[in-house]
Protein chains: 4
Amino acid sequence: MSQSARFRAGRHFLQIPGPTNVPDHVLRAIDRPTIDHRGPDFGRLGRDVLERIRLVFKTRSPVVIYPASGTGAWEAALVNTLSPGDRVLMAETGHFAALWKRLAERLGLVPEFLPGDWRHGADPDALHARLADDRTHAIKAVCIVHNETSTGVTSRIAEIRHAIDRASHPALFMVDTISSLGSIDYRHDEWGVDVTIAGSQKGLMLPPGLSFNAVSDKARSASANARLPRSYWAWDEILESNKTGYWPYTPATNLLYGLQAAIDQLLDEGLANVFARHDRHADATRRAVRAWGLEILCANPAEYSSALTAVMMPAGHDADAFRRVVLDAFDMSLGAGLSKLSGRVFRIGHLGDFNDLTLMGTLAGVEMGLELAGVPHRKGGTQAAIDSLARAHAPAAVREVAAAK
Amino acid sequence: MSQSARFRAGRHFLQIPGPTNVPDHVLRAIDRPTIDHRGPDFGRLGRDVLERIRLVFKTRSPVVIYPASGTGAWEAALVNTLSPGDRVLMAETGHFAALWKRLAERLGLVPEFLPGDWRHGADPDALHARLADDRTHAIKAVCIVHNETSTGVTSRIAEIRHAIDRASHPALFMVDTISSLGSIDYRHDEWGVDVTIAGSQKGLMLPPGLSFNAVSDKARSASANARLPRSYWAWDEILESNKTGYWPYTPATNLLYGLQAAIDQLLDEGLANVFARHDRHADATRRAVRAWGLEILCANPAEYSSALTAVMMPAGHDADAFRRVVLDAFDMSLGAGLSKLSGRVFRIGHLGDFNDLTLMGTLAGVEMGLELAGVPHRKGGTQAAIDSLARAHAPAAVREVAAAK
Amino acid sequence: MSQSARFRAGRHFLQIPGPTNVPDHVLRAIDRPTIDHRGPDFGRLGRDVLERIRLVFKTRSPVVIYPASGTGAWEAALVNTLSPGDRVLMAETGHFAALWKRLAERLGLVPEFLPGDWRHGADPDALHARLADDRTHAIKAVCIVHNETSTGVTSRIAEIRHAIDRASHPALFMVDTISSLGSIDYRHDEWGVDVTIAGSQKGLMLPPGLSFNAVSDKARSASANARLPRSYWAWDEILESNKTGYWPYTPATNLLYGLQAAIDQLLDEGLANVFARHDRHADATRRAVRAWGLEILCANPAEYSSALTAVMMPAGHDADAFRRVVLDAFDMSLGAGLSKLSGRVFRIGHLGDFNDLTLMGTLAGVEMGLELAGVPHRKGGTQAAIDSLARAHAPAAVREVAAAK
Amino acid sequence: MSQSARFRAGRHFLQIPGPTNVPDHVLRAIDRPTIDHRGPDFGRLGRDVLERIRLVFKTRSPVVIYPASGTGAWEAALVNTLSPGDRVLMAETGHFAALWKRLAERLGLVPEFLPGDWRHGADPDALHARLADDRTHAIKAVCIVHNETSTGVTSRIAEIRHAIDRASHPALFMVDTISSLGSIDYRHDEWGVDVTIAGSQKGLMLPPGLSFNAVSDKARSASANARLPRSYWAWDEILESNKTGYWPYTPATNLLYGLQAAIDQLLDEGLANVFARHDRHADATRRAVRAWGLEILCANPAEYSSALTAVMMPAGHDADAFRRVVLDAFDMSLGAGLSKLSGRVFRIGHLGDFNDLTLMGTLAGVEMGLELAGVPHRKGGTQAAIDSLARAHAPAAVREVAAAK
């Protein structure tokens, strides 16, 4: 019947870079009976999540919530603002940037793809150069992935904003934060982003099924003249309905219950604390990887992701074989290498509803898996993370002494 | 915090025509921890729901499952099969038919709308006449709503199929079963439907957030040449991925858990029994309405809906004021009249996970609400339903005697 | 595997007089992860429920909460206060009074049982006469069932208190409120009760598994000299531990989560409103029973129970056969006649998390069941309840007019 | 309202030696609506759990299930079989043995307590000597705690059975398996135990609230003549009712749902595998403790507990201060030292629904906590556990090579 698998003792470690582990209280919230999406209780729910989700994007602009995957929110950003044949500037930061580019092509846009090596974020200077060169303003939008889920590399959004401004280019600025929102500091308003794309199943700690567009005034103006056909994704009707807390079509009520509970948790912990926690875990993970003698895919420390770490396999060793060993022996899911990285990297997700001890279980699982799979490595990665985390928790005085040693 | 409303004793009666009451075991299934959408457990889940959902559509063709509302599945049906400027034939059966037409227009199609009075289903003869007249086969698709949720009127899909065939017209046949699938008999293959559109939150007894396209071979062929831009909704990649039980983008895992549990229940009860139960409840409801001296919106008994009954208010009485009384006094949500029926009808949903006693509570709530709201009516509607249901449960011999009286 | 039964559409109607329907939010609360029963989070939980449960008993004395059934709380009341061979005065109000008497015998006490006909509550005058007669104060406790779950008859606790006082008798006064607490007005302090016994699975809207002793100062003093052996039930250690919110042995943590949620709901609705709701439903039920031409077991209107109604079957008809028809045809559980009432009455539970429409479904199910089972009755009971409830909801002015008719 | 504490990211580590972490699917099972405890669905549930729970005790005798804590099952074992003034032989293995002795005293029994140092299990030879000396068979029962939860020391039950037999003594043999059942191999029938006492909240992976007596024929015979007063705990009525799957009083229905799900999981994993898993985790834990340079409380390797490990604090360091640091910094609950061990030991629970990675998180939390709390220790305990577990998972050939190094 419904039980999809046999029992394994203990909890599964879901350490892919999303979907992430959903907190128990969020699952319980989702489990509440569905209500009338036109009734007064729903209106209260709708107004609350629409109001408070903006705090997570750090914006005063409206945020459109779709019953859809993150991919849908990519599509929504484009069809609401652009017209057939429009040129968009994208940066090849990894698999998901490439998918977004392909999506743009399928919609009849003309993406231009700044090449990249999948180990660096988007290059602000290269973007500036291309935009400065675009005298006719043929480029209508710059589309950047904030945190490349396939590589564990972030792009420096504030610097890219500055690059666009330096070129005095009027292009819309669109940023995919699907695997960064709620995990890595992000500022829709301060960074002058026009459309921020996000999804529910990463830092928002929800199951997949909701996605988001935070929409600047400039983006809304652009949508008035955009000629790509759209209906499901059209902002205008949704924003009109949202004013009173409702949707023009049936929203995903139960996932909205979960969103409300997740916002409660994020704001209760405090976004600054949430980000600091992710930073601490990412740092400890990198210390472990280095201690094992393995290489981190991300080549630029200024672009390390606090949401996930992609680890390169030693030559001659298959990352997927290693991941299977870890899944079979330790009931932990790690992320695969995608497209050109297939078999060459594995990805450790350390985002969402996650704490120090779960990280330690995760790293121990990787270390034991390396041993079992016969992957050459040095011992001691987990120990390095222990030392790092213990230090992070120590009172300031103790930390100074430790650092002096 | 998350509790969206104060407590009211007892369960809310969600008697709108969808979202419907979600069974407890389905809510519990949805509440299970999210898993890796690329792992082996997910594959088993995916293959199971993709295989068995076809039984509910009565089809051997594949069924595409979207993380989206039903509106998205409307859009998907069109963008996968049609090209800009294509003419589609639709029938004005009510509010949702009108919305689908509007959606087609927004996508750049040219819908032709056979007029209707919102009290009858689509007219097979009128459709035949129009198609026979279309010598050039300019019409590329016939789009019909099986059960008009706004009116409680069904359209006779088998007869419409026959009308298309009699005209020897090659148009695709698309049917919206959002509020009929799993409640009213429907046969994708036998009735030669090319795209069947459905949603999760009605007869499938799930929260909103999933929608469906059952896709005939002819529809898939059409999609090869269709030129409306599409990406999120594109069948090809999804069907390719579905072969092994996966999706090209992150699916709504937890709602799929619920779908698996809902399919379990539907097949366990047996579709024939499910439909008979809905028929019984609809019949009892109509008996109640007539006993109250109120008028049923649906004017043709051959087109009565077994999923909901729309009831006309006596002149001078506001249906929404009545619905508010019922919500306040009895904690029951009834459906509103939509667009031109606003204030003039209320709708009783009697579909989904529903049984005789819940129906009786529903009808008693309507009867008491009519009294409280000062709506002119005769007493005895609930009693008429009691008599009808008791008879339906009686052994055959008893029923014969009763009928002879 | 774990699914204990096949699926039936819609919710089961659990209309026995307990266990009652558990609200969804209470089930969700119970479903939270178990925590350390010695940790600070537990202490907060413990202090909160221990503090607020007293409001439900209307007492300022402590309430002992056991991980046990109600039967255990009966035993606890006796072993904490009495010594082997002690005489206790009880009243034969029905099956549960008889069970309590038998329990007293098994523990080595000497119960004296004032006879009763199972259709009346305990007789204050008879109790007074017996106590006045007990010059030596051989009787150490008077034990009364407030609401006899087997008969739907209440005993008048305030009058019995007065009867004891008039006799100037020092006996402890113990009252079983297992099926009345949270449903029928009850006042531990005002009525001078020494030990109030209660359980979780009735008006407290919880699953079974918790039971209660509210303990007066006099009862605690008595426990100092009581010589019945006791350990699990001993108040002293529990009350000592409870001061800081903990228990001497592992408490039923998850049911305490539920208790916290149930107290939230009771206090939010307001106890006076809770009792008025139960009164309204009991009145409507009796109107239905009379309209059917059936007899209510309770012979004294001053002693009608607002928690359940026991209905007498016409001679020659088996109540259990009728109940089976109702369960099979309508998925509703009704209470059986117990011991000498076996087969002769059925009991309708209308307590706990219950509202008007669920009551109407319940009564309709009884009416249809009477029809199906061939039990002689008049139609119209459900209609009588509809009229009664509609009137109860009408504004005062309307009610006056209606009453004047 | 009901949310008893602020949010902390990630899951709490509940590593006390019980209550243990309840599996998600067990919590979901408990969350199902309560049903009629006299209806046919309940009968199926009751028969299933009563039948299969016997497999967990390895007995063909009946198992009595109480709605009560484990303490209640201690009391039940005694009051069903013994008479006031009966002499019982107990062994001072730790805090819980002492509590059981005290309970026996409160019930009017005369316990004799073989002294112990809380670092060893019960001594079979000392028990034999005392029994051989008891020529008059004044001793009516031998009561032993299988796994002393306060010390992490097991007693050798098979050897004690042999000691009783060697003395040809007719005393009943009672064993407390509250913290061993479902975690450490236990054989009620093979080891000739007369009453096995157990609780729900440890190896059975349930919330607290159920407890158990497995009852041999000899124990049932003894109960016929036992004169301690009893009612709630009386086996006779329960066993009579249990024949058809019911209970004489209202059972804790929702916890029985959970029991059914927990039995599913235990039998699915296989008891032998469950025990091997616990052995592996206990061994890895002891390797960590030794690597830290700390001392294990249990002095006899043949008596190591696979359910928990009690660790001695270095002199001058307070175990409770250390535990507070761990709770505050790492959201992990560890067990306290009890009574004479207070402040001197902490206890690591590694039982129940638990796996390798959760153990590693647990041990890392201890190691980081030792560092933060300034407790003298060597680094590397977690690493030692990693090495041990990796070796345990390695194929046999690899393990041999590793062992040869």
# chains A, B, ... in the order shown; residues from 1 in each chain; ligands from 1

$ closest_atom_pairs --of "chain A" --to "chain B" --cutoff "7 Å" --atoms "only C-alpha atoms" --output "tab-separated table"
residue	atom	partner	partner_atom	distance
A:Met1	CA	B:Asp264	CA	6.8
A:Ser2	CA	B:Ala261	CA	5.6
A:Ser4	CA	B:Leu45	CA	6.0
A:Ala5	CA	B:Asp41	CA	6.3
A:Leu14	CA	B:Asp36	CA	6.8
A:Pro19	CA	B:Asp36	CA	6.8
A:Asn21	CA	B:Thr34	CA	6.8
A:Val22	CA	B:Pro33	CA	6.6
A:Leu27	CA	B:Asp31	CA	5.1
A:Arg28	CA	B:Asp31	CA	6.5
A:Ile30	CA	B:Asp31	CA	6.7
A:Asp31	CA	B:Leu27	CA	5.1
A:Pro33	CA	B:Val22	CA	6.6
A:Thr34	CA	B:Pro207	CA	6.2
A:Ile35	CA	B:Leu14	CA	6.8
A:Asp36	CA	B:Leu14	CA	6.8
A:Asp41	CA	B:Ala5	CA	6.3
A:Arg44	CA	B:Ser4	CA	6.8
A:Leu45	CA	B:Ser4	CA	6.1
A:Pro67	CA	B:Ala68	CA	5.0
A:Ala68	CA	B:Ala68	CA	4.8
A:Ser69	CA	B:Pro67	CA	6.2
A:Thr71	CA	B:Tyr232	CA	6.7
A:Gly72	CA	B:Tyr232	CA	5.8
A:Leu103	CA	B:Ser231	CA	5.9
A:Arg106	CA	B:Ser231	CA	6.1
A:Leu107	CA	B:Pro229	CA	4.8
A:Gly108	CA	B:Pro229	CA	6.6
A:Pro207	CA	B:Thr34	CA	6.2
A:Pro208	CA	B:Ala252	CA	4.8
A:Gly209	CA	B:Ala252	CA	4.7
A:Pro229	CA	B:Leu107	CA	4.8
A:Arg230	CA	B:Leu107	CA	5.9
A:Ser231	CA	B:Leu103	CA	5.9
A:Tyr232	CA	B:Gly72	CA	5.8
A:Tyr249	CA	B:Thr71	CA	6.8
A:Thr250	CA	B:Ser69	CA	6.3
A:Pro251	CA	B:Pro208	CA	6.5
A:Ala252	CA	B:Gly209	CA	4.7
A:Thr253	CA	B:Pro208	CA	6.5
A:Asn254	CA	B:Pro207	CA	6.4
A:Gln260	CA	B:Ser2	CA	6.1
A:Ala261	CA	B:Ser2	CA	5.6
A:Asp264	CA	B:Met1	CA	6.7
A:Ser333	CA	B:Asp36	CA	6.8

$ write_last_selection --atoms "N, CA and C atoms" --output "CSV table (one decimal), in the first residue's frame"
chain,number,residue,atom,x,y,z
A,1,MET,N,0.8,-1.2,0.0
A,1,MET,CA,0.0,0.0,0.0
A,1,MET,C,0.9,1.3,0.0
A,2,SER,N,0.6,2.2,0.9
A,2,SER,CA,1.2,3.5,0.8
A,2,SER,C,2.6,3.5,1.3
A,4,SER,N,6.1,3.4,1.2
A,4,SER,CA,6.9,3.3,0.0
A,4,SER,C,8.1,2.5,0.2
A,5,ALA,N,8.6,2.2,1.3
A,5,ALA,CA,9.8,1.5,1.5
A,5,ALA,C,9.8,0.7,2.8
A,14,LEU,N,18.9,13.4,5.0
A,14,LEU,CA,18.6,14.0,3.7
A,14,LEU,C,19.5,15.1,3.5
A,19,PRO,N,15.5,18.9,-1.9
A,19,PRO,CA,14.7,19.3,-0.7
A,19,PRO,C,15.5,19.0,0.6
A,21,ASN,N,15.5,18.8,5.0
A,21,ASN,CA,14.7,18.2,6.1
A,21,ASN,C,13.7,19.2,6.6
A,22,VAL,N,12.4,18.8,6.5
A,22,VAL,CA,11.3,19.6,6.9
A,22,VAL,C,11.1,19.5,8.4
A,27,LEU,N,5.7,20.0,9.2
A,27,LEU,CA,5.0,18.9,8.6
A,27,LEU,C,3.6,18.8,9.3
A,28,ARG,N,3.6,19.1,10.6
A,28,ARG,CA,2.3,19.0,11.3
A,28,ARG,C,1.4,20.1,10.8
A,30,ILE,N,1.3,21.4,7.8
A,30,ILE,CA,0.8,21.0,6.5
A,30,ILE,C,-0.3,20.0,6.6
A,31,ASP,N,-0.3,19.3,7.7
A,31,ASP,CA,-1.2,18.2,7.9
A,31,ASP,C,-2.6,18.6,8.4
A,33,PRO,N,-6.4,20.2,8.3
A,33,PRO,CA,-7.4,20.1,7.2
A,33,PRO,C,-7.5,21.3,6.3
A,34,THR,N,-7.7,21.0,5.0
A,34,THR,CA,-7.8,22.0,4.0
A,34,THR,C,-9.0,22.8,4.3
A,35,ILE,N,-8.9,24.2,4.1
A,35,ILE,CA,-10.1,25.0,4.3
A,35,ILE,C,-10.5,25.7,3.0
A,36,ASP,N,-11.7,26.4,3.1
A,36,ASP,CA,-12.2,27.1,1.9
A,36,ASP,C,-11.3,28.2,1.5
A,41,ASP,N,-11.1,32.6,7.1
A,41,ASP,CA,-9.9,32.0,7.7
A,41,ASP,C,-8.7,32.0,6.7
A,44,ARG,N,-7.1,35.4,6.4
A,44,ARG,CA,-6.1,35.7,7.4
A,44,ARG,C,-4.8,35.0,7.1
A,45,LEU,N,-4.9,33.8,6.7
A,45,LEU,CA,-3.7,33.0,6.4
A,45,LEU,C,-2.9,33.7,5.2
A,67,PRO,N,1.7,28.0,-6.8
A,67,PRO,CA,1.6,26.6,-6.6
A,67,PRO,C,2.4,25.9,-7.7
A,68,ALA,N,3.7,25.8,-7.5
A,68,ALA,CA,4.6,25.3,-8.6
A,68,ALA,C,6.0,25.0,-8.1
A,69,SER,N,6.8,24.3,-8.8
A,69,SER,CA,8.2,24.1,-8.5
A,69,SER,C,9.0,25.4,-8.8
A,71,THR,N,11.2,25.8,-10.9
A,71,THR,CA,11.3,26.0,-12.4
A,71,THR,C,10.2,26.9,-12.9
A,72,GLY,N,9.0,26.7,-12.3
A,72,GLY,CA,7.9,27.5,-12.7
A,72,GLY,C,8.2,29.0,-12.4
A,103,LEU,N,15.6,27.0,-20.8
A,103,LEU,CA,14.2,27.4,-20.6
A,103,LEU,C,13.9,28.7,-21.3
A,106,ARG,N,13.5,28.0,-25.0
A,106,ARG,CA,12.2,27.3,-25.3
A,106,ARG,C,11.1,28.3,-25.3
A,107,LEU,N,11.2,29.4,-24.5
A,107,LEU,CA,10.2,30.4,-24.5
A,107,LEU,C,10.3,31.4,-25.6
A,108,GLY,N,11.3,31.3,-26.5
A,108,GLY,CA,11.5,32.2,-27.6
A,108,GLY,C,12.3,33.4,-27.3
A,207,PRO,N,8.3,21.2,2.0
A,207,PRO,CA,8.3,20.3,0.9
A,207,PRO,C,8.3,21.1,-0.4
A,208,PRO,N,8.7,20.5,-1.5
A,208,PRO,CA,8.6,21.2,-2.8
A,208,PRO,C,7.1,21.4,-3.2
A,209,GLY,N,6.8,22.4,-4.0
A,209,GLY,CA,5.5,22.7,-4.4
A,209,GLY,C,5.0,24.1,-4.4
A,229,PRO,N,3.3,35.2,-24.2
A,229,PRO,CA,2.0,34.8,-23.7
A,229,PRO,C,2.1,34.3,-22.3
A,230,ARG,N,1.1,34.6,-21.5
A,230,ARG,CA,1.1,34.1,-20.1
A,230,ARG,C,-0.3,34.2,-19.5
A,231,SER,N,-0.5,33.2,-18.7
A,231,SER,CA,-1.8,33.3,-18.0
A,231,SER,C,-1.6,32.8,-16.5
A,232,TYR,N,-1.2,31.5,-16.4
A,232,TYR,CA,-1.0,30.9,-15.1
A,232,TYR,C,0.0,31.8,-14.3
A,249,TYR,N,-6.7,31.7,-8.6
A,249,TYR,CA,-7.1,30.3,-8.7
A,249,TYR,C,-6.7,29.6,-7.4
A,250,THR,N,-7.1,28.3,-7.3
A,250,THR,CA,-7.0,27.6,-6.0
A,250,THR,C,-5.5,27.5,-5.6
A,251,PRO,N,-5.1,28.1,-4.5
A,251,PRO,CA,-3.7,28.1,-4.0
A,251,PRO,C,-3.5,26.7,-3.3
A,252,ALA,N,-2.2,26.4,-3.1
A,252,ALA,CA,-1.8,25.2,-2.4
A,252,ALA,C,-1.9,25.4,-0.9
A,253,THR,N,-3.2,25.4,-0.5
A,253,THR,CA,-3.5,25.8,0.9
A,253,THR,C,-2.6,25.1,2.0
A,254,ASN,N,-2.4,23.8,1.9
A,254,ASN,CA,-1.7,23.1,3.0
A,254,ASN,C,-0.2,23.5,3.0
A,260,GLN,N,3.6,29.4,6.6
A,260,GLN,CA,3.4,30.2,7.8
A,260,GLN,C,4.2,29.7,9.0
A,261,ALA,N,4.2,28.4,9.1
A,261,ALA,CA,5.0,27.8,10.2
A,261,ALA,C,6.5,28.0,10.0
A,264,ASP,N,7.4,31.6,10.8
A,264,ASP,CA,7.5,31.7,12.3
A,264,ASP,C,8.9,31.3,12.7
A,333,SER,N,21.4,10.4,2.0
A,333,SER,CA,21.3,10.9,0.6
A,333,SER,C,22.3,12.0,0.5

$ select_by_dssp --residues "range 64-219 of chain A" --states "strand (DSSP E or B)" --output "PyMOL selection string"
chain A and resi 64-67+87-91+110-114+139-145+147-148+153-154+172-176+195-199+210-215

$ select_by_dssp --residues "range 155-198 of chain B" --states "helix (DSSP H, G or I)" --output "list in words"
Ile157, Ala158, Glu159, Ile160, Arg161, His162, Ala163, Ile164, Asp165 and Arg166 of chain B

$ atom_distance --atom1 "CA of Ile238 in chain B" --atom2 "CA of Asn213 in chain B"
11.4 Å

$ residues_around --residues "Arg54 in chain C" --least-positions-apart "2" --cutoff "12 Å" --atoms "only C-alpha atoms" --output "PyMOL selection string"
chain C and resi 47-52+56-65+181-182+186-189+196+212-216+263+267

$ write_last_selection --atoms "N, CA, C and O atoms" --output "short mmCIF file (atom, residue, chain, number, x, y, z; two decimals), in the first residue's frame"
data_model
loop_
_atom_site.label_atom_id
_atom_site.label_comp_id
_atom_site.auth_asym_id
_atom_site.auth_seq_id
_atom_site.Cartn_x
_atom_site.Cartn_y
_atom_site.Cartn_z
N ARG C 47 4.19 22.31 34.26
CA ARG C 47 3.64 23.39 35.09
C ARG C 47 2.38 23.97 34.45
O ARG C 47 1.41 24.28 35.12
N ASP C 48 2.41 24.10 33.13
CA ASP C 48 1.25 24.69 32.46
C ASP C 48 0.01 23.81 32.60
O ASP C 48 -1.07 24.30 32.96
N VAL C 49 0.14 22.53 32.33
CA VAL C 49 -1.06 21.69 32.38
C VAL C 49 -1.53 21.49 33.82
O VAL C 49 -2.74 21.47 34.09
N LEU C 50 -0.59 21.39 34.76
CA LEU C 50 -0.99 21.23 36.16
C LEU C 50 -1.70 22.48 36.68
O LEU C 50 -2.64 22.39 37.48
N GLU C 51 -1.26 23.62 36.22
CA GLU C 51 -1.88 24.87 36.64
C GLU C 51 -3.28 25.01 36.04
O GLU C 51 -4.25 25.30 36.74
N ARG C 52 -3.37 24.82 34.74
CA ARG C 52 -4.62 25.14 34.06
C ARG C 52 -5.69 24.05 34.14
O ARG C 52 -6.88 24.33 34.01
N VAL C 56 -10.50 23.59 34.88
CA VAL C 56 -11.54 22.72 34.32
C VAL C 56 -12.31 22.01 35.44
O VAL C 56 -13.51 21.76 35.32
N PHE C 57 -11.61 21.70 36.52
CA PHE C 57 -12.28 21.11 37.68
C PHE C 57 -12.90 22.18 38.59
O PHE C 57 -13.55 21.85 39.58
N LYS C 58 -12.68 23.43 38.29
CA LYS C 58 -13.10 24.53 39.16
C LYS C 58 -12.60 24.31 40.60
O LYS C 58 -13.39 24.23 41.55
N THR C 59 -11.28 24.20 40.68
CA THR C 59 -10.68 23.98 41.99
C THR C 59 -9.38 24.75 42.10
O THR C 59 -8.74 25.04 41.08
N ARG C 60 -9.03 25.08 43.34
CA ARG C 60 -7.70 25.64 43.60
C ARG C 60 -6.79 24.57 44.20
O ARG C 60 -5.64 24.83 44.50
N SER C 61 -7.35 23.39 44.41
CA SER C 61 -6.54 22.28 44.93
C SER C 61 -5.75 21.65 43.79
O SER C 61 -6.07 21.85 42.62
N PRO C 62 -4.75 20.87 44.13
CA PRO C 62 -3.98 20.22 43.07
C PRO C 62 -4.77 19.10 42.41
O PRO C 62 -5.66 18.50 43.02
N VAL C 63 -4.41 18.85 41.15
CA VAL C 63 -4.99 17.74 40.40
C VAL C 63 -3.86 16.78 40.05
O VAL C 63 -2.87 17.19 39.44
N VAL C 64 -4.01 15.54 40.44
CA VAL C 64 -3.01 14.52 40.12
C VAL C 64 -3.37 13.92 38.77
O VAL C 64 -4.53 13.57 38.53
N ILE C 65 -2.38 13.84 37.90
CA ILE C 65 -2.60 13.28 36.56
C ILE C 65 -1.86 11.95 36.46
O ILE C 65 -0.65 11.90 36.64
N LEU C 181 -16.86 15.67 33.13
CA LEU C 181 -15.93 16.79 33.18
C LEU C 181 -15.70 17.38 31.79
O LEU C 181 -15.40 16.66 30.85
N GLY C 182 -15.84 18.67 31.69
CA GLY C 182 -15.64 19.32 30.39
C GLY C 182 -16.87 19.25 29.51
O GLY C 182 -16.85 19.71 28.37
N TYR C 186 -19.48 21.38 36.55
CA TYR C 186 -18.97 20.64 37.71
C TYR C 186 -18.07 21.57 38.50
O TYR C 186 -17.26 22.29 37.92
N ARG C 187 -18.18 21.53 39.86
CA ARG C 187 -17.49 22.49 40.70
C ARG C 187 -16.88 21.80 41.92
O ARG C 187 -17.51 21.70 42.97
N HIS C 188 -15.65 21.36 41.75
CA HIS C 188 -14.98 20.61 42.82
C HIS C 188 -14.97 21.40 44.13
O HIS C 188 -15.35 20.87 45.18
N ASP C 189 -14.57 22.64 44.11
CA ASP C 189 -14.44 23.41 45.34
C ASP C 189 -15.80 23.81 45.91
O ASP C 189 -16.11 23.55 47.07
N THR C 196 -12.16 14.20 43.17
CA THR C 196 -12.88 14.11 41.90
C THR C 196 -12.07 13.24 40.95
O THR C 196 -10.89 13.48 40.75
N PHE C 212 -7.36 11.31 36.30
CA PHE C 212 -7.17 12.44 37.19
C PHE C 212 -7.79 12.22 38.56
O PHE C 212 -8.83 11.58 38.68
N ASN C 213 -7.14 12.77 39.56
CA ASN C 213 -7.72 12.94 40.90
C ASN C 213 -7.54 14.40 41.30
O ASN C 213 -6.40 14.85 41.47
N ALA C 214 -8.65 15.12 41.45
CA ALA C 214 -8.56 16.43 42.11
C ALA C 214 -8.71 16.16 43.60
O ALA C 214 -9.62 15.42 44.00
N VAL C 215 -7.82 16.74 44.40
CA VAL C 215 -7.65 16.28 45.78
C VAL C 215 -7.81 17.46 46.75
O VAL C 215 -7.00 18.39 46.72
N SER C 216 -8.80 17.38 47.62
CA SER C 216 -9.00 18.45 48.60
C SER C 216 -7.99 18.31 49.75
O SER C 216 -7.36 17.26 49.92
N ILE C 263 -6.93 21.79 26.77
CA ILE C 263 -7.22 22.88 27.71
C ILE C 263 -7.31 24.21 26.96
O ILE C 263 -8.20 25.02 27.21
N LEU C 267 -10.74 26.42 27.24
CA LEU C 267 -10.73 27.76 27.83
C LEU C 267 -11.01 28.82 26.76
O LEU C 267 -11.58 29.87 27.06
#

$ residues_around --residues "Asp194 in chain D" --least-positions-apart "6" --cutoff "7 Å" --atoms "only C-alpha atoms" --output "PyMOL selection string"
chain D and resi 172-174+215-216+218-219

$ residues_around --residues "range 222-225 of chain C" --least-positions-apart "6" --cutoff "8 Å" --atoms "only C-alpha atoms" --output "ChimeraX atom specification"
/C:80-82

$ write_last_selection --atoms "all heavy atoms" --output "tab-separated table (two decimals), in the first residue's frame"
chain	number	residue	atom	x	y	z
C	80	ASN	N	-5.60	5.88	48.27
C	80	ASN	CA	-4.90	6.99	48.91
C	80	ASN	C	-5.56	7.46	50.20
C	80	ASN	O	-4.94	8.16	50.99
C	80	ASN	CB	-4.81	8.19	47.96
C	80	ASN	CG	-3.59	8.12	47.07
C	80	ASN	OD1	-2.48	8.31	47.55
C	80	ASN	ND2	-3.81	7.83	45.80
C	81	THR	N	-6.84	7.09	50.39
C	81	THR	CA	-7.58	7.70	51.50
C	81	THR	C	-8.13	6.70	52.50
C	81	THR	O	-8.57	7.11	53.58
C	81	THR	CB	-8.78	8.50	50.94
C	81	THR	OG1	-9.55	7.62	50.10
C	81	THR	CG2	-8.31	9.70	50.14
C	82	LEU	N	-8.16	5.44	52.16
C	82	LEU	CA	-8.89	4.48	52.99
C	82	LEU	C	-8.00	3.34	53.48
C	82	LEU	O	-6.87	3.17	53.02
C	82	LEU	CB	-10.08	3.92	52.20
C	82	LEU	CG	-11.09	4.99	51.76
C	82	LEU	CD1	-12.10	4.42	50.79
C	82	LEU	CD2	-11.79	5.60	52.98

$ residues_around --residues "Val175 in chain B" --least-positions-apart "2" --cutoff "8 Å" --atoms "only C-alpha atoms" --output "list in words"
Cys143, Ile144, Val145, His146, Phe173, Thr177, Val193, Val195, Thr196 and Ile197 of chain B
